[in-house]
Every structure is written in structure tokens, then in C-alpha cells.
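S.K.: Please find one structure pasted underneath; my questions will follow.
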Amino acid sequence: MALVGMPAAIAAAICADDVVTQMRTRAEQVRDSWHEQRTLDRLERAFDPAPPAGPPWVAAARVATVAIGSARESMVQFAAERLSAVGLAPAWLPQPASAGPPLVPFEEIVDRLRELPRDDAGYDQALRDACQCLGIAEHLTEVDGLDLQIERVRVEGALIDAGVVLAEG
């Protein structure tokens with residue numbers, strides 16, 4: 001029996017260094033991949049946005065406070081305007097701020113756009129008024145020459161896209 005087990009023991013002794021080397025190499029690979037993954041995780045955490053300070057409901061409460069405050073101010077302004085318009089505003093209610101010159105009805109602005117020639121300064125003012133009514137950005141006062149003509153075409157296109165009919169027809 002000893003003779004049968006002897007060749008196996010000799011083979012195990014000869015191959016043992018290969019087994020140990022393979023195990024050490026595999027352990028180093030596992031350790032290196034673990035270090036790489038740990039470094040990548042640290043980098044991801046470094047570039048992630050910071051979490052909001054405090055509990056999650058704090059941010060929601062902050063937004064709600066701002067929204068309620070602005071809604072309250074607009075309601076007070078609305079009530080002051082309506083009550084002042086009919087002459088029922090109490091003395092303690094703040095007087096509504098005047099909005100400046102009286103607003104021109106939008107239909108009149110569009111009529112001016114249809115009547116005035118494009119090279120008239122009043123045409124540019126009518127374009128600015130129409131853009132203000134519809135909330136369209138315009139830069140007619142900032143440019144001149146060819147840039148002014150290009151800006152007129154852009155603004156006219158924006159008004160047409162908004163549904164304004166500039167030409168009778």
C-alpha cells in the first residue's frame with residue numbers, strides 16, 4: 001500500500017508549488033479587482049450631488065412657504081384692485097400700485113401692425129407692444145440696420161406662430 005501511495009505523494013509535492021502559485025495569483029486578482037471597485041465607488045460618491053440638508057420634508061416645506069407667501073401677496077393685490085375699482089376698498093387696505101400707462105387693447109395693437117409700413121418707427125413699437133402682451137422676447141431696440149430687419153422678421157414669425165394674423169387677406 002505504501003508503494004501505491006508513494007507516487008501520488010511525490011506528484012503532490014512536485015505540483016504543490018504550482019497550486020500555491022495559482023492560488024496566490026487568484027487571490028491577488030480578487031484583491032486588485034476589489035480595490036478597483038472600491039476606488040470607482042469612491043469616485044462616484046465624490047461626483048454625486050450632495051444630499052439635501054435635513055429631512056426630506058424640509059425642502060418641501062421651504063418651497064411651500066415661498067409659494068404660500070407669493071400667493072398671499074397676489075391675493076391681497078387682486079383684492080385691493082377689485083375693491084378699489086368698485087369703490088368699496090376699506091381705508092386699511094393698501095392702495096394698488098399703478099401699473100404705469102393704461103394698457104392698449106391687443107386688437108388695436110394688431111390693427112396698427114396691419115396699417116403701418118414696416119419701415120415706420122411706430123411699426124417697431126407695435127411689434128414690441130404685441131410681444132409684451134404675448135410674452136415673446138424681442139430685441140428691436142438693441143439692433144439696427146440689417147440686424148433690425150432680421151429681428152423684425154423673427155418677431156413677426158413668432159407672432160404668426162402665436163396665432164396673430166398680420167396681413168389682411
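Ligands are numbered from 1 in the order shown, chains are lettered A, B, ... in the order of the C-alpha cells, and residues start at 1 in each chain.
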For the contact check between region 72-125 of chain A and region 139-152 of chain A, emit one row per residue of region 72-125 of chain A within 9 Å, containing the shortest atom pair and the distance in Å rounded to one decimal, counting only C-alpha atoms, chain then rising number order, as a tab-separated table.
M.R.:
```
residue	atom	partner	partner_atom	distance
A:Arg118	CA	A:Arg152	CA	8.6
A:Asp119	CA	A:Gln149	CA	8.9
A:Asp124	CA	A:Leu140	CA	6.9
A:Gln125	CA	A:Leu140	CA	8.7
```
S.K.: I need the chosen residues saved as a PDB file, in the first residue's frame, with N, CA and C atoms.
M.R.:
```pdb
ATOM      1  N   ARG A 118     -43.640  98.685 -42.805  1.00  0.00           N
ATOM      2  CA  ARG A 118     -42.619  98.006 -42.000  1.00  0.00           C
ATOM      3  C   ARG A 118     -41.463  98.911 -41.611  1.00  0.00           C
ATOM      4  N   ASP A 119     -41.155  99.942 -42.397  1.00  0.00           N
ATOM      5  CA  ASP A 119     -40.004 100.786 -42.089  1.00  0.00           C
ATOM      6  C   ASP A 119     -40.354 101.943 -41.152  1.00  0.00           C
ATOM      7  N   ASP A 124     -42.271  99.252 -35.258  1.00  0.00           N
ATOM      8  CA  ASP A 124     -41.426  98.576 -34.270  1.00  0.00           C
ATOM      9  C   ASP A 124     -42.048  98.653 -32.876  1.00  0.00           C
ATOM     10  N   GLN A 125     -42.637  99.837 -32.547  1.00  0.00           N
ATOM     11  CA  GLN A 125     -43.291  99.970 -31.243  1.00  0.00           C
ATOM     12  C   GLN A 125     -44.485  99.028 -31.149  1.00  0.00           C
TER      13      GLN A 125
END
```
S.K.: May I ask for the distance between CA of Glu138 (chain A) and CA of Ala158 (chain A), given in Å to one decimal place?
M.R.: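 Separation between CA of Glu138 (chain A) and CA of Ala158 (chain A): 9.6 Å.
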S.K.: Please report, as a PyMOL selection string, each residue of region 61-130 of chain A to which DSSP assigns helix (DSSP H, G or I) when run on this structure's backbone.
M.R.: chain A and resi 61-86+106-115+121-130
S.K.: Given the selection you just returned, output its residues as a file containing N, CA and C atoms, formatted as a compact mmCIF listing (two decimals), in the first residue's frame.
M.R.:
```
# COMPACT_ATOMS: atom_id res chain seq x y z
N ALA A 61 -41.20 71.85 2.64
CA ALA A 61 -41.78 72.91 3.47
C ALA A 61 -41.25 74.28 3.04
N ARG A 62 -39.98 74.35 2.66
CA ARG A 62 -39.40 75.61 2.21
C ARG A 62 -40.09 76.09 0.93
N VAL A 63 -40.29 75.18 -0.02
CA VAL A 63 -40.96 75.53 -1.27
C VAL A 63 -42.40 75.95 -1.00
N ALA A 64 -43.08 75.23 -0.13
CA ALA A 64 -44.47 75.56 0.19
C ALA A 64 -44.57 76.93 0.85
N THR A 65 -43.63 77.26 1.71
CA THR A 65 -43.65 78.57 2.37
C THR A 65 -43.52 79.69 1.37
N VAL A 66 -42.61 79.54 0.41
CA VAL A 66 -42.43 80.57 -0.62
C VAL A 66 -43.68 80.68 -1.48
N ALA A 67 -44.26 79.53 -1.86
CA ALA A 67 -45.45 79.55 -2.72
C ALA A 67 -46.64 80.18 -2.00
N ILE A 68 -46.83 79.84 -0.74
CA ILE A 68 -47.96 80.41 0.00
C ILE A 68 -47.77 81.90 0.20
N GLY A 69 -46.55 82.33 0.48
CA GLY A 69 -46.27 83.76 0.66
C GLY A 69 -46.55 84.56 -0.61
N SER A 70 -46.12 84.04 -1.76
CA SER A 70 -46.37 84.78 -3.01
C SER A 70 -47.85 84.75 -3.38
N ALA A 71 -48.53 83.63 -3.09
CA ALA A 71 -49.97 83.56 -3.38
C ALA A 71 -50.73 84.55 -2.51
N ARG A 72 -50.32 84.68 -1.26
CA ARG A 72 -50.98 85.63 -0.37
C ARG A 72 -50.80 87.05 -0.87
N GLU A 73 -49.59 87.41 -1.29
CA GLU A 73 -49.34 88.75 -1.80
C GLU A 73 -50.17 89.03 -3.05
N SER A 74 -50.25 88.06 -3.94
CA SER A 74 -51.02 88.29 -5.17
C SER A 74 -52.52 88.38 -4.86
N MET A 75 -53.00 87.63 -3.86
CA MET A 75 -54.42 87.72 -3.49
C MET A 75 -54.74 89.08 -2.89
N VAL A 76 -53.84 89.60 -2.05
CA VAL A 76 -54.06 90.92 -1.45
C VAL A 76 -54.07 91.98 -2.56
N GLN A 77 -53.14 91.87 -3.50
CA GLN A 77 -53.09 92.82 -4.61
C GLN A 77 -54.36 92.74 -5.46
N PHE A 78 -54.82 91.51 -5.73
CA PHE A 78 -56.03 91.33 -6.52
C PHE A 78 -57.24 91.93 -5.80
N ALA A 79 -57.36 91.65 -4.50
CA ALA A 79 -58.49 92.18 -3.74
C ALA A 79 -58.46 93.70 -3.70
N ALA A 80 -57.28 94.26 -3.52
CA ALA A 80 -57.16 95.72 -3.49
C ALA A 80 -57.58 96.33 -4.82
N GLU A 81 -57.16 95.72 -5.93
CA GLU A 81 -57.53 96.24 -7.25
C GLU A 81 -59.03 96.16 -7.47
N ARG A 82 -59.63 95.02 -7.16
CA ARG A 82 -61.07 94.83 -7.41
C ARG A 82 -61.91 95.75 -6.52
N LEU A 83 -61.58 95.81 -5.23
CA LEU A 83 -62.36 96.65 -4.32
C LEU A 83 -62.19 98.13 -4.63
N SER A 84 -60.98 98.52 -5.03
CA SER A 84 -60.76 99.92 -5.40
C SER A 84 -61.49 100.27 -6.68
N ALA A 85 -61.60 99.33 -7.60
CA ALA A 85 -62.26 99.58 -8.88
C ALA A 85 -63.74 99.87 -8.68
N VAL A 86 -64.36 99.22 -7.70
CA VAL A 86 -65.79 99.45 -7.46
C VAL A 86 -66.04 100.44 -6.33
N PHE A 106 -55.23 94.61 -27.19
CA PHE A 106 -54.41 93.85 -28.13
C PHE A 106 -54.91 94.01 -29.57
N GLU A 107 -56.21 94.10 -29.75
CA GLU A 107 -56.77 94.25 -31.10
C GLU A 107 -56.28 95.54 -31.76
N GLU A 108 -56.17 96.60 -30.96
CA GLU A 108 -55.67 97.86 -31.51
C GLU A 108 -54.20 97.75 -31.92
N ILE A 109 -53.43 97.02 -31.15
CA ILE A 109 -52.02 96.82 -31.49
C ILE A 109 -51.91 96.07 -32.81
N VAL A 110 -52.72 95.03 -32.97
CA VAL A 110 -52.68 94.25 -34.22
C VAL A 110 -53.15 95.11 -35.39
N ASP A 111 -54.16 95.96 -35.18
CA ASP A 111 -54.60 96.86 -36.25
C ASP A 111 -53.48 97.81 -36.66
N ARG A 112 -52.73 98.32 -35.68
CA ARG A 112 -51.59 99.19 -36.01
C ARG A 112 -50.54 98.43 -36.82
N LEU A 113 -50.29 97.18 -36.46
CA LEU A 113 -49.32 96.37 -37.21
C LEU A 113 -49.75 96.20 -38.66
N ARG A 114 -51.05 96.05 -38.88
CA ARG A 114 -51.55 95.86 -40.24
C ARG A 114 -51.52 97.15 -41.04
N GLU A 115 -51.70 98.30 -40.38
CA GLU A 115 -51.81 99.57 -41.09
C GLU A 115 -50.45 100.20 -41.40
N ALA A 121 -41.17 103.73 -37.56
CA ALA A 121 -40.78 103.51 -36.16
C ALA A 121 -41.98 103.05 -35.33
N GLY A 122 -43.16 103.48 -35.68
CA GLY A 122 -44.37 103.04 -34.97
C GLY A 122 -44.62 101.56 -35.15
N TYR A 123 -44.17 101.00 -36.29
CA TYR A 123 -44.33 99.57 -36.53
C TYR A 123 -43.50 98.78 -35.52
N ASP A 124 -42.27 99.25 -35.26
CA ASP A 124 -41.43 98.58 -34.27
C ASP A 124 -42.05 98.65 -32.88
N GLN A 125 -42.64 99.84 -32.55
CA GLN A 125 -43.29 99.97 -31.24
C GLN A 125 -44.48 99.03 -31.15
N ALA A 126 -45.24 98.91 -32.22
CA ALA A 126 -46.39 97.99 -32.22
C ALA A 126 -45.91 96.54 -32.08
N LEU A 127 -44.79 96.20 -32.72
CA LEU A 127 -44.24 94.86 -32.55
C LEU A 127 -43.83 94.62 -31.09
N ARG A 128 -43.19 95.62 -30.48
CA ARG A 128 -42.78 95.49 -29.08
C ARG A 128 -44.00 95.33 -28.18
N ASP A 129 -45.06 96.12 -28.43
CA ASP A 129 -46.27 96.02 -27.62
C ASP A 129 -46.92 94.64 -27.76
N ALA A 130 -46.98 94.14 -28.98
CA ALA A 130 -47.58 92.82 -29.21
C ALA A 130 -46.76 91.72 -28.52
```
S.K.: Report, in Å to a single decimal, how far apart CA of Pro49 (chain A) and CA of Ser33 (chain A) are.
M.R.: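 Answer for the CA of Ser33 (chain A) to CA of Pro49 (chain A) separation: 26.2 Å.
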